[in-house]
Amino acid sequence: MSALIEVLIECEAWEAMELPALAERAVRAVLTDQEMMPAEWEISLLGCDDARIAVLNADFRAKPTTTNVLSWPAQDLASEEEGGEPWFPEVMVQGERESLGDIAIAWETCAREAAEAGKPIADHVTHLLVHGVLHLLGYDHIREGDAELMEKIEVRILARLGIVNPYE
């Protein structure tokens with residue numbers, strides 16, 4: 001069976017951060033919180049730089065600027081009801097991992113944000129990975145009720161990982 005996370009590192013700075021191990025821990029925490037079996041799912045993660053994520057942001061969101069993290073869900077799981085729980089993803093083939101989607105994370109933006117907030121970069125990156133995985137699972141923060149739900153879940157998962165509430 002393939003790995004839970006397939007990581008492609010395009011920016012060398014992620015190597016020193018041990019991004020694959022950090023991502024594995026974050027993804028497992030989210031899936032466990034959501035009562036999902038990690039053995040059934042996989043995620044692709046791109047560790048890139050600001051230049052690359054700006055291109056991706058322009059191509060997929062028509063926003064030609066840098067950002068910290070982007071997510072592309074494999075299934076549309078979002079609730080139509082504001083503040084409602086997303087749909088549960090489906091496993092199409094039993095015994096094989098099903099893709100939840102793809103995530104890209106940008107080194108310079110993450111490092112800058114962590115420094116500006118006075119947070120350890122590993123904690124900030126973990127938060128962004130948790131955030132990205134929740135997007136893959138249909139959570140969002142566009143509408144107020146959805147944002148409240150997503151933030152509550154992020155804070156709960158991060159607390160279990162020993163990371164302080166990033167919203168305080």
# chains A, B, ... in the order shown; residues from 1 in each chain; ligands from 1
>>> residues_around(residues="Met37 of chain A", least_positions_apart="5", cutoff="10 Å", atoms="only C-alpha atoms", output="number ranges by chain")
A: 28, 31-32
>>> residues_around(residues="Glu40 of chain A", least_positions_apart="5", cutoff="8 Å", atoms="only C-alpha atoms", output="PyMOL selection string")
chain A and resi 91+95-98
>>> residues_around(residues="Leu45 of chain A", least_positions_apart="5", cutoff="12 Å", atoms="only C-alpha atoms", output="ChimeraX atom specification")
/A:3-10,14,19-24,27,69-72,99-106,129,132-133,136
>>> atom_distance(atom1="atom CA of Ala54 of chain A", atom2="atom CA of Asp123 of chain A")
23.0 Å
>>> closest_residue(among="A:Arg112, A:Lys152, A:His141, A:Arg160", to="Val125 of chain A", atoms="only C-alpha atoms")
A:Arg112
>>> atom_distance(atom1="atom CA of Arg143 of chain A", atom2="atom CA of Glu81 of chain A")
10.0 Å
>>> select_by_dssp(residues="chain A", states="strand (DSSP E or B)", output="compact mmCIF listing (two decimals) with N, CA and C atoms, in the first residue's frame")
# COMPACT_ATOMS: atom_id res chain seq x y z
N ILE A 5 1.06 10.13 2.62
CA ILE A 5 1.39 11.42 2.01
C ILE A 5 2.48 11.21 0.97
N GLU A 6 2.24 11.71 -0.21
CA GLU A 6 3.27 11.75 -1.24
C GLU A 6 3.76 13.18 -1.29
N VAL A 7 5.04 13.37 -0.98
CA VAL A 7 5.60 14.71 -0.88
C VAL A 7 6.59 14.96 -2.01
N LEU A 8 6.41 16.07 -2.68
CA LEU A 8 7.36 16.55 -3.69
C LEU A 8 7.92 17.86 -3.16
N ILE A 9 9.22 17.91 -2.96
CA ILE A 9 9.86 19.12 -2.45
C ILE A 9 10.59 19.82 -3.59
N TRP A 41 -6.66 6.51 2.83
CA TRP A 41 -6.56 7.81 2.17
C TRP A 41 -5.13 8.17 1.83
N GLU A 42 -4.98 9.05 0.83
CA GLU A 42 -3.67 9.61 0.52
C GLU A 42 -3.84 11.06 0.09
N ILE A 43 -2.77 11.81 0.28
CA ILE A 43 -2.73 13.22 -0.07
C ILE A 43 -1.39 13.48 -0.75
N SER A 44 -1.40 14.31 -1.77
CA SER A 44 -0.16 14.76 -2.41
C SER A 44 0.15 16.15 -1.89
N LEU A 45 1.42 16.36 -1.52
CA LEU A 45 1.86 17.63 -0.96
C LEU A 45 3.05 18.16 -1.73
N LEU A 46 2.98 19.41 -2.12
CA LEU A 46 4.07 20.09 -2.80
C LEU A 46 4.66 21.12 -1.84
N GLY A 47 5.94 20.97 -1.50
CA GLY A 47 6.66 21.96 -0.72
C GLY A 47 7.39 22.86 -1.69
N CYS A 48 6.88 24.06 -1.88
CA CYS A 48 7.41 24.94 -2.92
C CYS A 48 7.83 26.29 -2.34
N VAL A 69 -0.79 28.53 1.74
CA VAL A 69 -1.17 27.16 1.42
C VAL A 69 -2.35 27.16 0.45
N LEU A 70 -2.35 26.20 -0.46
CA LEU A 70 -3.45 25.99 -1.40
C LEU A 70 -3.87 24.53 -1.32
N SER A 71 -5.16 24.28 -1.54
CA SER A 71 -5.68 22.91 -1.52
C SER A 71 -6.59 22.68 -2.71
N TRP A 72 -6.50 21.46 -3.25
CA TRP A 72 -7.35 21.04 -4.35
C TRP A 72 -8.02 19.73 -3.96
N PRO A 73 -9.27 19.77 -3.49
CA PRO A 73 -9.95 18.55 -3.07
C PRO A 73 -10.25 17.62 -4.25
N GLU A 98 -7.58 6.05 -1.38
CA GLU A 98 -8.33 7.01 -2.19
C GLU A 98 -7.70 8.38 -1.98
N SER A 99 -7.51 9.13 -3.04
CA SER A 99 -6.94 10.46 -2.92
C SER A 99 -7.94 11.43 -2.33
N LEU A 100 -7.49 12.18 -1.33
CA LEU A 100 -8.29 13.28 -0.81
C LEU A 100 -8.03 14.56 -1.58
N GLY A 101 -6.88 14.60 -2.27
CA GLY A 101 -6.55 15.77 -3.06
C GLY A 101 -5.10 16.19 -2.89
N ASP A 102 -4.83 17.42 -3.28
CA ASP A 102 -3.47 17.95 -3.31
C ASP A 102 -3.38 19.23 -2.49
N ILE A 103 -2.19 19.43 -1.91
CA ILE A 103 -1.90 20.64 -1.14
C ILE A 103 -0.55 21.17 -1.61
N ALA A 104 -0.43 22.49 -1.69
CA ALA A 104 0.86 23.14 -1.93
C ALA A 104 1.09 24.13 -0.79
N ILE A 105 2.34 24.20 -0.33
CA ILE A 105 2.69 25.09 0.77
C ILE A 105 3.98 25.82 0.42
N ALA A 106 4.00 27.13 0.69
CA ALA A 106 5.10 28.00 0.26
C ALA A 106 6.02 28.36 1.42
>>> closest_residue(among="A:Thr126, A:Thr109, A:Asn165, A:Gln34", to="Glu151 of chain A", atoms="only C-alpha atoms")
A:Asn165
>>> decode(residues="segment 59-98 of chain A", atoms="N, CA and C atoms", output="compact mmCIF listing (two decimals), in the first residue's frame")
# COMPACT_ATOMS: atom_id res chain seq x y z
N ASP A 59 -3.12 30.50 -11.62
CA ASP A 59 -3.71 29.51 -12.52
C ASP A 59 -5.05 28.98 -12.02
N PHE A 60 -5.14 28.70 -10.72
CA PHE A 60 -6.32 28.02 -10.21
C PHE A 60 -7.32 28.91 -9.49
N ARG A 61 -6.88 30.10 -9.06
CA ARG A 61 -7.79 30.97 -8.32
C ARG A 61 -7.87 32.37 -8.92
N ALA A 62 -7.14 32.58 -10.03
CA ALA A 62 -7.09 33.89 -10.68
C ALA A 62 -6.62 34.99 -9.73
N LYS A 63 -5.74 34.60 -8.79
CA LYS A 63 -5.14 35.55 -7.85
C LYS A 63 -3.63 35.45 -8.00
N PRO A 64 -3.01 36.33 -8.78
CA PRO A 64 -1.58 36.23 -9.07
C PRO A 64 -0.69 36.77 -7.94
N THR A 65 -0.90 36.24 -6.75
CA THR A 65 -0.14 36.65 -5.57
C THR A 65 0.31 35.42 -4.80
N THR A 66 1.25 35.63 -3.91
CA THR A 66 1.67 34.53 -3.05
C THR A 66 0.60 34.28 -1.99
N THR A 67 0.65 33.09 -1.45
CA THR A 67 -0.22 32.71 -0.34
C THR A 67 0.54 31.64 0.42
N ASN A 68 0.06 31.26 1.58
CA ASN A 68 0.79 30.28 2.37
C ASN A 68 0.48 28.84 1.96
N VAL A 69 -0.79 28.53 1.74
CA VAL A 69 -1.17 27.16 1.42
C VAL A 69 -2.35 27.16 0.45
N LEU A 70 -2.35 26.20 -0.46
CA LEU A 70 -3.45 25.99 -1.40
C LEU A 70 -3.87 24.53 -1.32
N SER A 71 -5.16 24.28 -1.54
CA SER A 71 -5.68 22.91 -1.52
C SER A 71 -6.59 22.68 -2.71
N TRP A 72 -6.50 21.46 -3.25
CA TRP A 72 -7.35 21.04 -4.35
C TRP A 72 -8.02 19.73 -3.96
N PRO A 73 -9.27 19.77 -3.49
CA PRO A 73 -9.95 18.55 -3.07
C PRO A 73 -10.25 17.62 -4.25
N ALA A 74 -10.16 16.33 -4.01
CA ALA A 74 -10.49 15.34 -5.03
C ALA A 74 -12.00 15.20 -5.20
N GLN A 75 -12.73 15.46 -4.12
CA GLN A 75 -14.19 15.37 -4.15
C GLN A 75 -14.76 16.67 -3.57
N ASP A 76 -15.90 17.11 -4.10
CA ASP A 76 -16.58 18.27 -3.53
C ASP A 76 -17.42 17.78 -2.37
N LEU A 77 -16.96 18.08 -1.16
CA LEU A 77 -17.61 17.57 0.04
C LEU A 77 -18.29 18.67 0.85
N ALA A 78 -18.23 19.90 0.38
CA ALA A 78 -18.74 21.04 1.13
C ALA A 78 -20.24 20.93 1.38
N SER A 79 -20.63 21.35 2.57
CA SER A 79 -22.04 21.41 2.91
C SER A 79 -22.67 22.62 2.23
N GLU A 80 -23.89 22.46 1.78
CA GLU A 80 -24.60 23.61 1.20
C GLU A 80 -25.11 24.51 2.31
N GLU A 81 -25.32 23.94 3.49
CA GLU A 81 -25.83 24.69 4.64
C GLU A 81 -24.69 25.38 5.37
N GLU A 82 -24.79 26.66 5.59
CA GLU A 82 -23.74 27.40 6.30
C GLU A 82 -23.54 26.83 7.70
N GLY A 83 -22.29 26.53 8.02
CA GLY A 83 -21.95 25.97 9.32
C GLY A 83 -22.23 24.48 9.43
N GLY A 84 -22.64 23.87 8.32
CA GLY A 84 -22.95 22.44 8.32
C GLY A 84 -21.70 21.59 8.10
N GLU A 85 -21.74 20.39 8.61
CA GLU A 85 -20.63 19.44 8.42
C GLU A 85 -20.58 19.03 6.95
N PRO A 86 -19.37 18.93 6.40
CA PRO A 86 -19.23 18.47 5.02
C PRO A 86 -19.67 17.00 4.89
N TRP A 87 -19.82 16.59 3.64
CA TRP A 87 -20.12 15.19 3.35
C TRP A 87 -18.88 14.36 3.67
N PHE A 88 -19.08 13.10 3.99
CA PHE A 88 -17.96 12.20 4.25
C PHE A 88 -17.43 11.70 2.91
N PRO A 89 -16.10 11.72 2.70
CA PRO A 89 -15.56 11.26 1.42
C PRO A 89 -15.80 9.77 1.22
N GLU A 90 -15.91 9.37 -0.03
CA GLU A 90 -16.16 7.98 -0.37
C GLU A 90 -14.89 7.27 -0.81
N VAL A 91 -14.73 6.04 -0.35
CA VAL A 91 -13.66 5.18 -0.84
C VAL A 91 -14.24 4.43 -2.03
N MET A 92 -13.64 4.60 -3.21
CA MET A 92 -14.18 4.01 -4.42
C MET A 92 -13.79 2.54 -4.59
N VAL A 93 -12.53 2.21 -4.26
CA VAL A 93 -12.05 0.84 -4.42
C VAL A 93 -11.53 0.35 -3.07
N GLN A 94 -12.19 -0.63 -2.50
CA GLN A 94 -11.77 -1.17 -1.21
C GLN A 94 -10.37 -1.76 -1.30
N GLY A 95 -9.54 -1.54 -0.27
CA GLY A 95 -8.20 -2.09 -0.23
C GLY A 95 -7.16 -1.20 -0.89
N GLU A 96 -7.58 -0.11 -1.50
CA GLU A 96 -6.65 0.84 -2.11
C GLU A 96 -6.88 2.21 -1.49
N ARG A 97 -5.82 2.99 -1.44
CA ARG A 97 -5.96 4.34 -0.89
C ARG A 97 -6.70 5.22 -1.90
N GLU A 98 -7.58 6.05 -1.38
CA GLU A 98 -8.33 7.01 -2.19
C GLU A 98 -7.70 8.38 -1.98
